[in-house]
Structure formats: C-alpha cells, structure tokens
$ cat coords_5.cif   # mmCIF, C-alpha atoms
data_start
loop_
_atom_site.label_atom_id
_atom_site.label_comp_id
_atom_site.auth_asym_id
_atom_site.auth_seq_id
_atom_site.Cartn_x
_atom_site.Cartn_y
_atom_site.Cartn_z
CA MET A 1 -31.50 29.11 -47.08
CA VAL A 2 -28.33 28.34 -45.19
CA LYS A 3 -26.67 31.53 -44.09
CA GLU A 4 -23.38 32.26 -45.79
CA GLY A 5 -20.31 32.41 -43.62
CA ARG A 6 -16.55 32.49 -43.78
CA PHE A 7 -16.32 28.82 -42.87
CA ASN A 8 -18.81 27.33 -45.32
CA ARG A 9 -16.12 25.55 -47.36
CA MET A 10 -15.55 23.16 -44.44
CA GLY A 11 -18.96 23.29 -42.82
CA ILE A 12 -22.19 25.15 -42.32
CA TRP A 13 -21.69 27.67 -39.52
CA GLU A 14 -24.03 30.52 -38.63
CA GLY A 15 -23.87 33.70 -36.58
CA LYS A 16 -21.12 33.79 -33.98
CA GLU A 17 -20.17 30.12 -34.33
CA GLY A 18 -17.27 30.73 -36.67
CA ARG A 19 -15.91 33.48 -34.42
CA ALA A 20 -16.10 31.14 -31.41
CA ILE A 21 -13.98 28.59 -33.29
CA GLN A 22 -11.52 31.31 -34.25
CA ALA A 23 -11.33 32.52 -30.65
CA PHE A 24 -10.46 29.02 -29.46
CA GLY A 25 -7.77 28.77 -32.15
CA TYR A 26 -6.22 32.09 -31.16
CA LEU A 27 -6.26 31.16 -27.47
CA PHE A 28 -4.63 27.82 -28.21
CA VAL A 29 -1.82 29.42 -30.22
CA ILE A 30 -1.19 32.05 -27.52
CA PHE A 31 -1.17 29.53 -24.67
CA ALA A 32 0.95 27.09 -26.69
CA ILE A 33 3.61 29.76 -27.32
CA ILE A 34 3.65 30.73 -23.63
CA VAL A 35 3.79 27.16 -22.28
CA VAL A 36 6.36 25.90 -24.81
CA ALA A 37 8.55 28.98 -24.32
CA ASN A 38 8.42 28.47 -20.55
CA SER A 39 9.49 24.85 -20.95
CA LEU A 40 12.36 25.77 -23.25
CA VAL A 41 13.61 28.27 -20.67
CA LEU A 42 13.49 25.72 -17.85
CA VAL A 43 14.94 22.76 -19.79
CA SER A 44 17.99 22.61 -22.02
CA ILE A 45 17.15 20.71 -25.22
CA ALA A 46 20.72 19.44 -25.48
CA GLU A 47 20.35 17.56 -22.18
CA ILE A 48 17.21 15.56 -23.01
CA SER A 49 16.53 12.56 -25.22
CA PHE A 50 14.29 12.53 -28.29
CA TRP A 51 11.32 10.87 -26.58
CA VAL A 52 11.58 13.13 -23.52
CA PHE A 53 11.47 16.14 -25.84
CA ILE A 54 8.47 14.78 -27.78
CA LEU A 55 6.59 13.91 -24.59
CA GLY A 56 7.32 17.33 -23.12
CA LEU A 57 6.16 19.09 -26.28
CA ALA A 58 2.97 17.01 -26.41
CA THR A 59 2.31 17.76 -22.73
CA ASP A 60 2.76 21.50 -23.34
CA LEU A 61 0.31 21.43 -26.26
CA LEU A 62 -2.22 19.50 -24.18
CA VAL A 63 -1.87 22.02 -21.35
CA ALA A 64 -2.44 24.84 -23.85
CA PHE A 65 -5.50 22.97 -25.14
CA ALA A 66 -6.85 22.58 -21.59
CA LEU A 67 -6.28 26.25 -20.77
CA SER A 68 -8.00 27.33 -23.98
CA SER A 69 -10.94 25.06 -23.21
CA PHE A 70 -11.23 26.51 -19.71
CA VAL A 71 -11.30 30.09 -20.96
CA MET A 72 -13.87 29.24 -23.65
CA GLY A 73 -15.77 27.30 -20.99
CA ILE A 74 -16.69 30.59 -19.30
CA TYR A 75 -18.33 31.72 -22.56
CA TYR A 76 -20.08 28.39 -23.22
CA THR A 77 -21.31 28.06 -19.63
CA TYR A 78 -23.04 31.43 -19.95
CA HIS A 79 -24.59 30.73 -23.37
CA PHE A 80 -25.66 27.10 -22.83
CA ARG A 81 -26.58 27.15 -19.13
CA LYS A 82 -30.32 27.29 -19.97
CA GLU A 83 -30.18 24.40 -22.47
CA GLY A 84 -29.89 21.70 -19.84
CA ILE A 85 -32.39 18.87 -19.50
CA VAL A 86 -31.41 18.90 -15.84
CA ARG A 87 -31.34 22.60 -14.99
CA ILE A 88 -27.98 24.02 -14.00
CA ASN A 89 -29.28 25.15 -10.60
CA GLU A 90 -30.19 21.53 -9.85
CA VAL A 91 -26.75 20.42 -11.01
CA MET A 92 -25.06 22.96 -8.75
CA LYS A 93 -27.30 21.95 -5.81
CA THR A 94 -26.24 18.32 -6.27
CA ILE A 95 -22.57 19.33 -6.51
CA LEU A 96 -22.82 21.30 -3.26
CA GLN A 97 -24.47 18.34 -1.51
CA VAL A 98 -21.76 15.94 -2.69
CA CYS A 99 -18.99 18.35 -1.64
CA LEU A 100 -20.65 18.78 1.77
CA ILE A 101 -20.89 15.02 2.30
CA LEU A 102 -17.24 14.53 1.31
CA ALA A 103 -16.08 17.34 3.59
CA LEU A 104 -18.08 15.97 6.54
CA PHE A 105 -16.76 12.45 5.93
CA PHE A 106 -13.10 13.46 5.82
CA THR A 107 -13.52 15.80 8.79
CA PHE A 108 -15.09 12.96 10.79
CA MET A 109 -12.22 10.63 9.86
CA VAL A 110 -9.64 13.23 10.93
CA ALA A 111 -11.55 13.76 14.18
CA VAL A 112 -11.58 10.08 15.16
CA ASP A 113 -7.90 9.89 14.21
CA ALA A 114 -7.09 12.92 16.38
CA LEU A 115 -9.00 11.43 19.31
CA GLY A 116 -6.99 8.22 18.99
CA MET A 117 -10.01 6.09 18.17
CA ILE A 118 -8.88 4.92 14.70
CA ASP A 119 -5.63 5.38 12.79
CA THR A 120 -7.07 6.51 9.44
CA GLY A 121 -3.78 7.67 7.95
CA ILE A 122 -5.56 10.56 6.18
CA GLU A 123 -3.15 13.10 7.67
CA ASP A 124 0.25 12.15 9.04
CA PRO A 125 0.71 13.44 12.56
CA GLU A 126 3.17 16.31 12.77
CA GLU A 127 4.08 18.74 15.49
CA GLY A 128 1.14 21.08 15.96
CA SER A 129 -1.20 18.75 14.07
CA ASP A 130 -4.67 17.68 15.18
CA ASN A 131 -3.18 14.76 17.12
CA ASP A 132 -1.51 17.22 19.49
CA LEU A 133 -4.61 19.38 20.05
CA GLU A 134 -7.39 19.10 22.59
CA GLY A 135 -10.70 20.73 23.42
CA LEU A 136 -11.44 24.07 21.79
CA ASP A 137 -8.23 24.08 19.76
CA LEU A 138 -9.09 20.69 18.26
CA ALA A 139 -12.65 21.80 17.46
CA LEU A 140 -11.38 24.97 15.76
CA SER A 141 -8.81 22.97 13.81
CA LEU A 142 -11.52 20.55 12.60
CA VAL A 143 -13.78 23.43 11.55
CA LEU A 144 -10.96 24.96 9.54
CA TYR A 145 -10.17 21.56 8.04
CA PHE A 146 -13.85 21.10 7.06
CA PHE A 147 -13.99 24.44 5.24
CA ARG A 148 -10.66 23.77 3.55
CA ILE A 149 -11.92 20.45 2.16
CA PHE A 150 -15.40 21.79 1.35
CA LEU A 151 -14.22 24.90 -0.50
CA GLY A 152 -11.33 23.07 -2.15
CA THR A 153 -13.65 20.36 -3.48
CA ILE A 154 -16.10 22.96 -4.79
CA ALA A 155 -13.25 24.82 -6.52
CA ALA A 156 -11.99 21.59 -8.12
CA VAL A 157 -15.49 20.64 -9.35
CA VAL A 158 -16.10 24.12 -10.75
CA VAL A 159 -12.81 23.98 -12.66
CA VAL A 160 -13.76 20.58 -14.11
CA MET A 161 -17.28 21.80 -15.00
CA VAL A 162 -16.08 25.00 -16.69
CA GLY A 163 -13.34 23.10 -18.50
CA GLY A 164 -15.90 20.48 -19.53
CA PHE A 165 -18.20 23.19 -20.90
CA GLY A 166 -15.25 24.54 -22.87
CA LEU A 167 -14.33 21.13 -24.27
CA MET A 168 -17.90 20.09 -25.11
CA GLY A 169 -18.76 23.58 -26.35
CA THR A 170 -15.85 23.51 -28.78
CA LEU A 171 -16.91 20.02 -29.89
CA TYR A 172 -20.46 21.31 -30.40
CA MET A 173 -19.24 24.20 -32.54
CA MET A 174 -17.23 21.85 -34.73
CA GLU A 175 -19.99 19.26 -35.08
CA VAL A 176 -22.83 21.67 -35.75
CA GLY A 177 -21.04 22.96 -38.84
CA ILE A 178 -19.12 19.94 -40.10
CA ILE A 179 -21.69 17.15 -39.73
CA PRO A 180 -24.45 18.64 -41.95
CA LYS A 181 -21.85 19.29 -44.65
CA PHE A 182 -20.46 15.79 -44.24
CA LEU A 183 -23.91 14.19 -44.55
CA VAL A 184 -24.44 16.02 -47.83
CA LYS A 185 -20.99 15.06 -49.12
CA ILE A 186 -21.36 11.38 -48.26
CA GLN A 187 -24.35 11.14 -50.57
CA ASP A 188 -23.20 9.37 -53.75
CA VAL A 189 -19.68 9.08 -52.27
CA THR A 190 -19.13 5.65 -53.85
CA ALA A 191 -19.79 7.13 -57.28
CA ARG A 192 -16.88 9.57 -56.95
CA GLU A 193 -13.14 8.96 -56.91
CA GLY A 194 -11.66 11.98 -55.14
CA LEU A 195 -9.18 11.66 -52.26
CA GLU A 196 -11.62 13.20 -49.78
CA ASP A 197 -14.28 10.70 -50.87
CA LYS A 198 -11.91 7.75 -50.37
CA ILE A 199 -11.02 9.01 -46.89
CA MET A 200 -14.71 9.23 -45.93
CA MET A 201 -15.30 5.71 -47.25
CA TRP A 202 -12.35 4.39 -45.24
CA VAL A 203 -13.32 6.13 -41.99
CA PHE A 204 -16.88 4.79 -42.15
CA ASN A 205 -15.91 1.45 -43.68
CA ILE A 206 -18.19 2.04 -46.68
CA HIS A 207 -17.73 -0.64 -49.33
CA SER A 208 -17.38 0.62 -52.89
CA ALA A 209 -20.29 -1.61 -53.96
CA LEU A 210 -22.68 0.14 -51.55
CA ASP A 211 -25.15 2.53 -53.17
CA THR A 212 -24.96 5.76 -51.13
CA GLU A 213 -27.52 7.70 -53.13
CA THR A 214 -30.03 7.90 -50.28
CA ILE A 215 -29.05 9.26 -46.85
CA LEU A 216 -31.69 9.08 -44.13
CA LEU A 217 -31.98 10.83 -40.76
CA ASP A 218 -34.70 10.61 -38.15
CA GLU A 219 -36.20 14.01 -37.40
CA PRO A 220 -35.30 14.70 -33.76
CA SER A 221 -37.56 16.00 -31.05
CA VAL A 222 -36.42 17.77 -27.90
CA GLU A 223 -35.77 15.19 -25.19
CA LYS A 224 -37.31 16.07 -21.83
CA THR A 225 -35.58 13.32 -19.85
CA PHE A 226 -31.86 12.72 -19.56
CA PRO A 227 -30.64 10.06 -22.06
CA TRP A 228 -29.14 7.69 -19.51
CA LYS A 229 -28.62 4.84 -21.98
CA ARG A 230 -26.53 6.89 -24.45
CA PHE A 231 -24.73 8.52 -21.53
CA ARG A 232 -23.72 5.16 -20.02
CA THR A 233 -22.67 3.81 -23.41
CA ALA A 234 -20.53 6.88 -24.08
CA VAL A 235 -18.87 6.69 -20.66
CA VAL A 236 -18.08 2.98 -21.08
CA TRP A 237 -16.52 3.51 -24.52
CA GLN A 238 -14.43 6.42 -23.27
CA ILE A 239 -13.17 4.36 -20.34
CA LEU A 240 -12.24 1.48 -22.65
CA PHE A 241 -10.46 3.83 -25.07
CA SER A 242 -8.64 5.52 -22.20
CA PHE A 243 -7.34 2.17 -20.97
CA VAL A 244 -6.16 1.24 -24.47
CA VAL A 245 -4.35 4.58 -24.84
CA ALA A 246 -2.86 4.20 -21.35
CA ILE A 247 -1.52 0.73 -22.15
CA TYR A 248 -0.09 1.77 -25.52
CA ILE A 249 1.74 4.75 -24.01
CA SER A 250 2.68 3.72 -20.46
CA LEU A 251 3.75 0.15 -21.29
CA ASN A 252 5.28 0.94 -24.67
CA PRO A 253 8.81 -0.54 -24.65
CA TRP A 254 10.21 2.22 -26.90
CA LEU A 255 9.04 4.91 -24.50
CA SER A 256 9.77 3.09 -21.23
CA ASP A 257 13.46 2.79 -22.14
CA ASP A 258 13.86 6.57 -21.82
CA LEU A 259 10.98 7.52 -19.53
CA GLU A 260 9.86 6.40 -16.08
CA ILE A 261 6.42 4.84 -15.88
CA ASP A 262 5.28 7.50 -13.38
CA ARG A 263 6.11 10.24 -15.88
CA LEU A 264 4.26 8.44 -18.66
CA PHE A 265 1.16 8.16 -16.47
CA ARG A 266 1.36 11.87 -15.66
CA PHE A 267 1.30 12.55 -19.40
CA ILE A 268 -1.62 10.17 -19.93
CA SER A 269 -3.55 11.88 -17.14
CA VAL A 270 -3.39 15.07 -19.19
CA ALA A 271 -3.90 13.39 -22.57
CA ILE A 272 -7.20 11.74 -21.61
CA VAL A 273 -9.02 15.06 -22.06
CA THR A 274 -8.85 14.35 -25.80
CA VAL A 275 -10.65 10.98 -25.55
CA PRO A 276 -14.16 12.56 -25.54
CA LEU A 277 -13.29 14.26 -28.83
CA LEU A 278 -12.73 10.81 -30.38
CA VAL A 279 -15.77 9.05 -28.94
CA ILE A 280 -18.62 11.51 -28.34
CA PRO A 281 -18.95 12.62 -32.01
CA TRP A 282 -20.28 9.11 -32.81
CA PHE A 283 -23.36 9.68 -30.72
CA ILE A 284 -25.00 12.41 -32.78
CA HIS A 285 -25.30 9.77 -35.53
CA LYS A 286 -26.89 7.42 -33.00
CA ARG A 287 -29.31 10.14 -31.88
CA LEU A 288 -30.30 10.99 -35.47
CA GLY A 289 -30.17 7.43 -36.79
CA SER A 290 -27.88 8.57 -39.62
CA ARG A 291 -27.87 5.81 -42.22
CA ILE A 292 -27.48 4.90 -45.87
CA LYS A 293 -30.58 3.28 -47.32
CA GLY A 294 -29.91 -0.30 -48.36
CA ALA A 295 -31.86 -2.75 -50.46
CA HIS A 296 -32.14 -5.24 -47.60
CA LYS A 297 -30.56 -3.56 -44.59
CA ASP A 298 -29.67 0.06 -43.81
CA PHE A 299 -26.03 1.00 -43.20
CA PHE A 300 -25.84 2.95 -39.90
CA LEU A 301 -23.00 5.46 -39.61
CA TYR A 302 -22.78 5.15 -35.80
CA GLU A 303 -22.09 1.43 -35.99
CA ALA A 304 -19.63 1.86 -38.87
CA MET A 305 -17.64 4.61 -37.14
CA ARG A 306 -17.49 2.67 -33.88
CA GLN A 307 -16.21 -0.45 -35.65
CA ARG A 308 -13.54 1.53 -37.51
CA MET A 309 -12.25 3.24 -34.38
CA VAL A 310 -12.20 -0.02 -32.44
CA GLY A 311 -10.26 -1.67 -35.26
CA LEU A 312 -7.70 1.14 -35.19
CA MET A 313 -7.14 1.31 -31.45
CA VAL A 314 -7.62 -2.22 -30.16
CA THR A 315 -5.14 -4.84 -31.29
CA ALA A 316 -5.24 -7.54 -28.63
CA GLY A 317 -1.96 -9.16 -29.65
CA THR A 318 0.00 -5.92 -29.44
CA LEU A 319 -1.52 -5.03 -26.08
CA LEU A 320 -0.61 -8.41 -24.62
CA ILE A 321 2.97 -8.08 -25.88
CA PHE A 322 3.27 -4.61 -24.27
CA ILE A 323 1.92 -5.93 -20.97
CA ARG A 324 4.30 -8.88 -20.98
CA ILE A 325 7.35 -6.68 -21.71
CA ALA A 326 6.27 -4.20 -19.03
CA LEU A 327 6.01 -6.97 -16.42
CA GLU A 328 9.62 -7.87 -17.14
CA ASN A 329 10.79 -4.32 -16.35
CA HIS A 330 8.32 -3.27 -13.62
CA SER A 331 6.68 -4.97 -10.68
CA PRO A 332 2.98 -5.82 -11.00
CA GLU A 333 2.28 -3.68 -7.89
CA GLU A 334 3.84 -0.60 -9.51
CA ILE A 335 1.82 -1.02 -12.69
CA ILE A 336 -1.42 -1.72 -10.81
CA MET A 337 -1.04 1.29 -8.47
CA ASN A 338 -0.41 3.65 -11.40
CA PHE A 339 -3.46 2.31 -13.22
CA VAL A 340 -5.62 2.62 -10.08
CA GLU A 341 -4.66 6.28 -9.60
CA PHE A 342 -5.14 6.99 -13.31
CA THR A 343 -8.50 5.19 -13.41
CA PHE A 344 -10.02 7.15 -10.52
CA MET A 345 -9.41 10.55 -12.12
CA MET A 346 -10.16 9.33 -15.65
CA VAL A 347 -13.57 7.88 -14.74
CA LEU A 348 -14.60 11.07 -12.93
CA LEU A 349 -13.62 13.21 -15.94
CA MET A 350 -15.37 10.96 -18.46
CA ILE A 351 -18.56 11.03 -16.38
CA ALA A 352 -18.41 14.82 -15.97
CA PHE A 353 -17.69 15.58 -19.64
CA SER A 354 -20.30 13.13 -20.91
CA PHE A 355 -22.95 14.52 -18.57
CA ILE A 356 -22.24 18.06 -19.76
CA TYR A 357 -22.52 17.03 -23.41
CA PHE A 358 -25.73 15.01 -23.16
CA ASN A 359 -27.39 17.41 -20.74
CA PHE A 360 -26.52 20.81 -22.21
CA PHE A 361 -25.49 20.31 -25.85
CA GLU A 362 -26.93 17.24 -27.58
CA ASN A 363 -30.56 18.40 -27.83
CA LYS A 364 -29.63 21.63 -29.59
CA LEU A 365 -26.97 19.89 -31.69
CA ALA A 366 -29.44 17.31 -32.98
CA MET A 367 -32.02 19.96 -33.92
CA GLU A 368 -29.45 22.19 -35.65
CA VAL A 369 -27.71 19.36 -37.53
CA TYR A 370 -31.03 18.07 -38.88
CA ARG A 371 -32.19 21.53 -39.93
CA ARG A 372 -28.94 22.48 -41.63
CA TRP A 373 -28.65 19.10 -43.33
CA THR A 374 -32.19 19.40 -44.69
CA GLU A 375 -31.53 22.88 -46.07
CA ALA A 376 -28.12 21.95 -47.49
CA LYS A 377 -29.55 18.78 -49.05
CA GLU A 378 -32.27 20.79 -50.78
CA GLN A 379 -29.66 23.17 -52.17
CA ALA A 380 -27.44 20.29 -53.31
CA ASP A 381 -30.36 18.51 -54.99
CA ALA A 382 -31.39 21.72 -56.74
CA ALA A 383 -27.81 22.26 -57.93
CA ARG A 384 -27.67 18.72 -59.34
CA GLU A 385 -30.94 19.21 -61.19
CA GLU A 386 -29.74 22.52 -62.59
CA GLU A 387 -26.45 20.96 -63.68
CA ALA A 388 -28.26 18.07 -65.35
CA SER A 389 -30.69 20.44 -67.08
CA PRO A 390 -29.03 23.85 -67.65
CA ASP A 391 -32.06 25.27 -69.45
CA GLY A 392 -34.39 24.25 -66.68
CA GLN A 393 -36.05 21.58 -68.88
CA ASP A 394 -36.39 17.92 -68.02
CA THR A 395 -34.04 15.71 -69.98
CA GLU A 396 -35.36 12.61 -71.69
#
$ encode --input "coords_5.cif" --output "structure tokens"
Amino acid sequence: MVKEGRFNRMGIWEGKEGRAIQAFGYLFVIFAIIVVANSLVLVSIAEISFWVFILGLATDLLVAFALSSFVMGIYYTYHFRKEGIVRINEVMKTILQVCLILALFFTFMVAVDALGMIDTGIEDPEEGSDNDLEGLDLALSLVLYFFRIFLGTIAAVVVVMVGGFGLMGTLYMMEVGIIPKFLVKIQDVTAREGLEDKIMMWVFNIHSALDTETILLDEPSVEKTFPWKRFRTAVVWQILFSFVVAIYISLNPWLSDDLEIDRLFRFISVAIVTVPLLVIPWFIHKRLGSRIKGAHKDFFLYEAMRQRMVGLMVTAGTLLIFIRIALENHSPEEIIMNFVEFTFMMVLLMIAFSFIYFNFFENKLAMEVYRRWTEAKEQADAAREEEASPDGQDTE
C-alpha cells in the first residue's frame, strides 16, 4: 500500500519527502522577501521603467531560488552522496585534479609573463605586480597566486556542486511524487473531459482519438555504469533551450528599448538555472519507456513531451526577426562577445547539473517511480472494479 501523506492529492510522497518540499518552499519565501526588500531599499520604483522593474523582480526571485537550492543542497548532498554510480570520492578526486591543473596552468602563464617571455595579458601589470618582482619575491608571489587560483577554483566548484545537488534534489522530490500520480491519471485520459485532463492531453500532444486505457512502463534495474548517452542528450537539449531563451530575451526588441544588452545577459546568466527543470524531467520517461499501448505503434511520452516543448520554444521565424532587429541596434561583435561569455558559463552549469542528476538521482528515481506507480495503479484498478460492482459481484 502507498503510504498516506499530506501531499497525496498532488502526488505520492513518503516519509520526509513532503517536509523537504515544504522546507524548500519556506526558504524560497524567506529569501525572496529579503532580496526583494533589499532591492526596494536600494532602488526607487518611481525612477525605473516597467520592464526594468519586471526584470529586477524576476532577478530577485531567481536569486532567492538559487539561495534556497544551495541551502537544500547541503541536505541533499548528505543524503544522496552514497547513491552515485561514480562514487562521490572519485568525483571529488577528479575535481581536485582539474583545479590543480588549472591553477598550475595559470601560474605558469603569469610566470612567463612576469619574466618577459610572453605577454599573456592574464594580469595587467601594476606597480608592485609580478612584473616588478625578481628572485625570491617573484617566487613567493607566484606561490601565493597558485594557492589563490587553486583554492578559489575549488570553492567555486563546490558552490556549483552543492547548488546542483539542491536543484536536482528538489527536482527529484517533485518527480518522485508527481510522476507516479500522473501516470495513473493519464490512463483513460481521452475518455474524460475535465480541465486537468485536457491540459495533460495538450502537454503530451495526445490526440482525442487515441485509446489511453493501457499505460506501460519497463521495470527498471539499477544501472552500474554511467548513462553517457542520456547524459549527452540532456546536455545538448539544455544548451539548445538556453540559446533559444537567450535569443528571445536578450534580442527582444521590446526589452532592448529600455534595457542594455549587457544587463539582459546578466539576467539570462541567472535565469539559465531553471532550464534543467524544463528539460531533465523528460528523461525519466525515456529511462522507464513510459508509453501508451497502441494498436500498431506505441505512443512514447518522452517523444511527445519533447516535441511539445520544442514547438513552444522554437519558432524559427520569430528568432530570425529578433536577430535581424538586434543587428540594426547593436554591432555583431557586441552580440557575439556576450553570447560567448554566456555560453561558457552555461555549458559548464548544464554539464555539472546533468552529471549530478544522472549520477546521484536517476537510479533511485526510476526505482521509486516504478514501485509507486505499480502500487497506485493496483489501487486505482481495484477502486474502478469496486465502483463498477458495488456488491463485489461481477456484472454481466
């Protein structure tokens, strides 16, 4: 039997899962109040335009979301650290090696610059800089520079990892309760006419003539090797979606009239943390092979959801119009440089978040979703039989 919980109207949550979702909600509200209040103190609303106000409010809410994810990430890192296909100690060892290589590389470049061998441009020469030092003083300065880069890179990676655990952990908590309930509800959805049913049919592009009586899932087994194919697919889709969102926002003529392109890209750089929440939920359906049994061909929910989201976000004609208008108001070099800077950080985040999800969360999510769906389906089938035959007798 599925355990009863406070959240069972929306999904099937067990144990501390509902409380974890509540904790994230409380943290978000608290951080949102603090961040928005701070912005209102620093900026007079009467002095800003409508779009500047909306962008500022959205940025504050995204910052509150990121802070809440980071705090929850401490909890999820502790509870899911042993679930990894690649063990967390191996992950940390690799991170330390990468940070060491980066620190050695940049220290070497600064050293050859200071010795006058190559003008790397990594650090501008100033009075008292490495370029003015010799011998022991130069060596000590390079050692300090190495540790500054090494420790700073480790700190940045740890922040991203903990924040990623918070983001993917929150996504896990939502999916593990909602998806089993959804899979039960979508059964016979075309035979019903409620608003919720119509929304589900629209999201998954389910035609009203399709018979949704039979929902099938493949029983999952624990994967022992990292799912590189799904990981790469997820990263590619997130990058594509991020570019589409970046174009729609940064090159939007209605926004660019009031806002500088640099400010729009700063907003997008914060907003991209929400992209995994739009893309990664598809992949549990790919892992489980969630599908509606068809007479000639099964209807796969992963493919349907991907097609719907692509149809919503990608409109080639609109994108081309935005790009053309933007080129009339900004130089191609300015647009390209902003996209290059945005792309570097975005790709790193998408890779990090996707790795955390597929390595630490997907195995357990697949097992739990299948189990809870099976139990909920049995209960739903029993309830239908009881409703059809109140006395417990078969009807003719």
$ closest_atom_pairs --input "coords_5.cif" --of "segment 239-302 of chain A" --to "segment 199-218 of chain A" --cutoff "12 Å" --atoms "all atoms listed in the file" --output "CSV"
residue,atom,partner,partner_atom,distance
A:Trp282,CA,A:Phe204,CA,10.8
A:Ile284,CA,A:Leu217,CA,10.7
A:His285,CA,A:Leu217,CA,8.5
A:Lys286,CA,A:Asp218,CA,9.9
A:Arg287,CA,A:Asp218,CA,8.3
A:Leu288,CA,A:Asp218,CA,5.2
A:Gly289,CA,A:Leu217,CA,5.5
A:Ser290,CA,A:Leu217,CA,4.8
A:Arg291,CA,A:Leu216,CA,5.4
A:Ile292,CA,A:Ile215,CA,4.7
A:Lys293,CA,A:Thr214,CA,5.5
A:Gly294,CA,A:Asp211,CA,7.3
A:Ala295,CA,A:Asp211,CA,9.0
A:His296,CA,A:Leu210,CA,11.6
A:Lys297,CA,A:Leu210,CA,11.1
A:Asp298,CA,A:Leu216,CA,9.2
A:Phe299,CA,A:Ile206,CA,8.6
A:Phe300,CA,A:Phe204,CA,9.4
A:Leu301,CA,A:Phe204,CA,6.7
A:Tyr302,CA,A:Phe204,CA,8.7
$ atom_distance --input "coords_5.cif" --atom1 "atom CA of Leu264 of chain A" --atom2 "atom CA of Ser250 of chain A"
5.3 Å
$ closest_residue --input "coords_5.cif" --among "A:Ile179, A:Val236, A:Ala382, A:Val158" --to "Ala366 of chain A" --atoms "only C-alpha atoms"
A:Ile179
$ resolve_selection --input "coords_5.cif" --expression "the PyMOL selection byres ((chain A and resi 89-93) around 12)" --output "MDAnalysis selection string"
chainID A and resid 81:88 94:100 154 157:158 161 352 355:356 359:360
$ residues_around --input "coords_5.cif" --residues "Phe31 of chain A" --least-positions-apart "2" --cutoff "8 Å" --atoms "all atoms listed in the file" --output "ChimeraX atom specification"
/A:27-29,33-35,64-65,67-68
$ build_atoms --input "coords_5.cif" --residues "segment 17-34 of chain A" --atoms "N, CA and C atoms" --output "short mmCIF file (atom, residue, chain, number, x, y, z; two decimals), keeping the file's coordinate frame"
data_model
loop_
_atom_site.label_atom_id
_atom_site.label_comp_id
_atom_site.auth_asym_id
_atom_site.auth_seq_id
_atom_site.Cartn_x
_atom_site.Cartn_y
_atom_site.Cartn_z
N GLU A 17 -20.82 31.42 -34.48
CA GLU A 17 -20.17 30.12 -34.33
C GLU A 17 -18.76 30.12 -34.90
N GLY A 18 -18.60 30.67 -36.07
CA GLY A 18 -17.27 30.73 -36.67
C GLY A 18 -16.30 31.54 -35.84
N ARG A 19 -16.78 32.64 -35.25
CA ARG A 19 -15.91 33.48 -34.42
C ARG A 19 -15.53 32.76 -33.13
N ALA A 20 -16.42 31.92 -32.61
CA ALA A 20 -16.10 31.14 -31.41
C ALA A 20 -14.98 30.15 -31.72
N ILE A 21 -15.04 29.52 -32.89
CA ILE A 21 -13.98 28.59 -33.29
C ILE A 21 -12.66 29.34 -33.46
N GLN A 22 -12.73 30.50 -34.08
CA GLN A 22 -11.52 31.31 -34.25
C GLN A 22 -10.93 31.71 -32.90
N ALA A 23 -11.80 32.10 -31.97
CA ALA A 23 -11.33 32.52 -30.65
C ALA A 23 -10.60 31.39 -29.95
N PHE A 24 -11.14 30.18 -30.05
CA PHE A 24 -10.46 29.02 -29.46
C PHE A 24 -9.10 28.81 -30.12
N GLY A 25 -9.04 28.93 -31.45
CA GLY A 25 -7.77 28.77 -32.15
C GLY A 25 -6.73 29.79 -31.73
N TYR A 26 -7.14 31.04 -31.60
CA TYR A 26 -6.22 32.09 -31.16
C TYR A 26 -5.72 31.83 -29.74
N LEU A 27 -6.65 31.45 -28.85
CA LEU A 27 -6.26 31.16 -27.47
C LEU A 27 -5.27 30.01 -27.41
N PHE A 28 -5.53 28.98 -28.21
CA PHE A 28 -4.63 27.82 -28.21
C PHE A 28 -3.23 28.21 -28.67
N VAL A 29 -3.14 28.99 -29.72
CA VAL A 29 -1.82 29.42 -30.22
C VAL A 29 -1.10 30.26 -29.17
N ILE A 30 -1.81 31.18 -28.53
CA ILE A 30 -1.19 32.05 -27.52
C ILE A 30 -0.69 31.23 -26.34
N PHE A 31 -1.57 30.36 -25.81
CA PHE A 31 -1.17 29.53 -24.67
C PHE A 31 -0.05 28.57 -25.05
N ALA A 32 -0.09 28.02 -26.26
CA ALA A 32 0.95 27.09 -26.69
C ALA A 32 2.31 27.79 -26.73
N ILE A 33 2.35 29.01 -27.26
CA ILE A 33 3.61 29.76 -27.32
C ILE A 33 4.14 30.02 -25.91
N ILE A 34 3.24 30.42 -25.01
CA ILE A 34 3.65 30.73 -23.63
C ILE A 34 4.18 29.48 -22.93
#
